[in-house]
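In what follows, a structure is listed as structure tokens, so that the remarks can point back to it.
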Amino acid sequence: MVVLSVPAEVTVILLDIEGTTTPIAFVKDTLFPYIKENVKEYLQTHWEEEECQQDVSLLRKQAEEDAHLDGAVPIPAASGNGVDDLQQMIQAVVDNVYWQMSHDRKTTALKQLQGHMWRAAFTAGCLKAEFFADVVPAVRKWREAGMKVYIYSSGSVEAQKLLFGHSTEGDILELVDGHFDTKIGHKVESESYRKIADSIGCSTNNILFLTDVTLEASAAEEADVHVAVVVRPGNAGLTDDEKTYYNLITSFSELYLPSA
């Protein structure tokens, strides 16, 4: 087994989710298909609720911004013509969501609706988040050694909390000291990691960031954050140069804490 010694100055471990703590297949084959299969029924069930109307308004605003894009799906405003009008509008929202997802859009409007749908599904017990077997034991060990553990994912903070609160390991939210999403900045921008360090109240070189994406690893390194690239089944392959350059781990158990 590879053993990677964690630098002595590291007091914070910052974790990506997809491809790092959680199989990409869970996101790709479970979470996203759930949205496609259930979005119409969800809208019909929750349409009159204020939260749902806010989601639709945000999607409509996004659709207006996307109007110049090829194949973009507009969402009409309500015209008050009864049931047919409502069904047409719901179908337009469904079509817009499908279009955004087919282009792998990361818009706030789409993520907000997805987050609310996942919340309903996790709370009802229809979905449980999957974690690699090494994740929870390792996080417990790090915390026992006095480390802080934070999450940084492009999925919203709300969606992150759902995953950790409703997992196959039970509710493991208590193992996480805090959450960051793209509201603090994009993961491929080094400034995001400086802002995270400021928010936590530590120096960037007190942080070890674990991610499966080398562009993110490179941005973090630029900010003087320590990095290890996580190699998991189903993750994108690495080039020979990347394999040589980065510290690679295949399991969290390969991290050795000198202080522990």
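Just remember, in the structure tokens the first chain shown is A, the second B, etc., residues are 1-based per chain, and ligands are 1-based in the order shown.
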
Identify, on the basis of only C-alpha atoms, every residue whose closest approach to stretch 210-224 of chain A does not exceed 7 Å; exclude the query and any residue fewer than 4 positions from it along the same chain; express the result as a PDB file with C-alpha atoms, in the first residue's frame.
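What follows is the written file selection_28.pdb:
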ATOM      1  CA  LEU A  14     -10.657  19.706   2.579  1.00  0.00           C
ATOM      2  CA  LEU A  15     -12.615  17.088   0.639  1.00  0.00           C
ATOM      3  CA  ASP A  16     -14.187  17.055  -2.796  1.00  0.00           C
ATOM      4  CA  GLY A  19     -15.047  10.818  -7.360  1.00  0.00           C
ATOM      5  CA  THR A  20     -13.345  11.442  -3.991  1.00  0.00           C
ATOM      6  CA  LYS A 187     -12.936  25.091  -7.898  1.00  0.00           C
ATOM      7  CA  VAL A 188     -10.491  25.729 -10.753  1.00  0.00           C
ATOM      8  CA  GLU A 189      -9.684  29.257  -9.479  1.00  0.00           C
ATOM      9  CA  SER A 190      -6.867  29.588  -6.933  1.00  0.00           C
ATOM     10  CA  GLU A 191      -8.553  32.578  -5.246  1.00  0.00           C
ATOM     11  CA  TYR A 193      -8.875  28.348  -1.871  1.00  0.00           C
ATOM     12  CA  ARG A 194      -7.538  31.570  -0.325  1.00  0.00           C
ATOM     13  CA  THR A 204      -3.597  28.009   2.946  1.00  0.00           C
ATOM     14  CA  ASN A 205      -0.586  25.788   3.750  1.00  0.00           C
ATOM     15  CA  ALA A 228      -3.327  14.754  -3.147  1.00  0.00           C
ATOM     16  CA  VAL A 229      -5.179  13.407  -6.181  1.00  0.00           C
ATOM     17  CA  VAL A 230      -7.588  10.588  -5.406  1.00  0.00           C
ATOM     18  CA  VAL A 231      -7.700   7.716  -7.900  1.00  0.00           C
TER      19      VAL A 231
END

*asked:* Set the distance at 8 Å and use only C-alpha atoms: which residues neighbour A:Val12 once local chain neighbours fewer than 2 positions away are removed? I'd like the list as JSON, numbers by chain.
replied: {"A": [10, 14, 147, 148, 149, 150, 206, 207, 208]}

Could you give me, as a tab-separated table, every stretch 143-191 of chain A residue with an atom at most 12 Å from stretch 92-110 of chain A, plus its closest atom pair and distance in Å to one decimal, counting only C-alpha atoms, rows ordered by chain then number?
residue	atom	partner	partner_atom	distance
A:Ser153	CA	A:Lys106	CA	11.9
A:Ser154	CA	A:Lys106	CA	8.1
A:Gly155	CA	A:Lys106	CA	8.7
A:Ser156	CA	A:Thr108	CA	8.7
A:Val157	CA	A:Thr108	CA	11.9
A:Asp181	CA	A:Thr108	CA	11.0
A:Thr182	CA	A:Thr108	CA	9.5
A:Lys183	CA	A:Thr108	CA	9.5
A:His186	CA	A:Lys106	CA	10.9

_Point-to-point distance from atom CA of A:Val225 to atom CA of A:Ser192, Å rounded to tenths_ =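 It comes out at 11.1 Å.
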
*asked:* With distances taken over only C-alpha atoms, which residue among A:His166, A:Arg60, A:His68, A:Arg140 lies nearest A:Ala124?
replied: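 Residue with the minimum atom-to-atom distance to A:Ala124: A:His166.
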
*asked:* Could you pull out the strand (DSSP E) residues of stretch 4-231 of chain A, going by DSSP on the backbone, and write them as a list of chain:residue names?
replied: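 DSSP-assigned strand (DSSP E) residues in stretch 4-231 of chain A: A:Leu4, A:Ser5, A:Val12, A:Ile13, A:Leu14, A:Leu15, A:Lys148, A:Val149, A:Tyr150, A:Ile151, A:Tyr152, A:Gly178, A:His179, A:Phe180, A:Ile207, A:Leu208, A:Phe209, A:Leu210, A:Thr211, A:His226, A:Val227, A:Ala228, A:Val229, A:Val230.
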
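Residue nearest A:Ile35 within the list A:Met117, A:Val6, A:Val73, A:Leu59: A:Met117 [criterion: smallest interatomic distance, only C-alpha atoms].
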
*Name the residues of stretch 4-241 of chain A that come out as alpha helix (DSSP H) in a backbone DSSP run; write them as number ranges by chain.*
A: 24-26, 32-46, 50-65, 82-102, 108-123, 135-144, 157-165, 190-200, 214-222, 240-241

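Across the structure, atom CA of A:Trp47 and atom CA of A:Leu69 are spaced 27.2 Å apart.
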
*Closest to A:Gly125 among A:Leu163, A:Ala78, A:Glu254, A:Leu248, using only C-alpha atoms?*
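Answer, going by the shortest atom-to-atom distance: A:Leu163.
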
*Pairwise distance for atom CA of A:Asp134 and atom CA of A:Phe252, rounded to one decimal in Å*: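 Computed distance, atom CA of A:Asp134 to atom CA of A:Phe252, equals 6.0 Å.
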
*Between A:Asn247, A:Asn38, A:Gln88, A:Thr21, which one has atoms that come closest to A:Leu113, using only C-alpha atoms?*
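For A:Leu113, the nearest of the candidates is A:Asn38.
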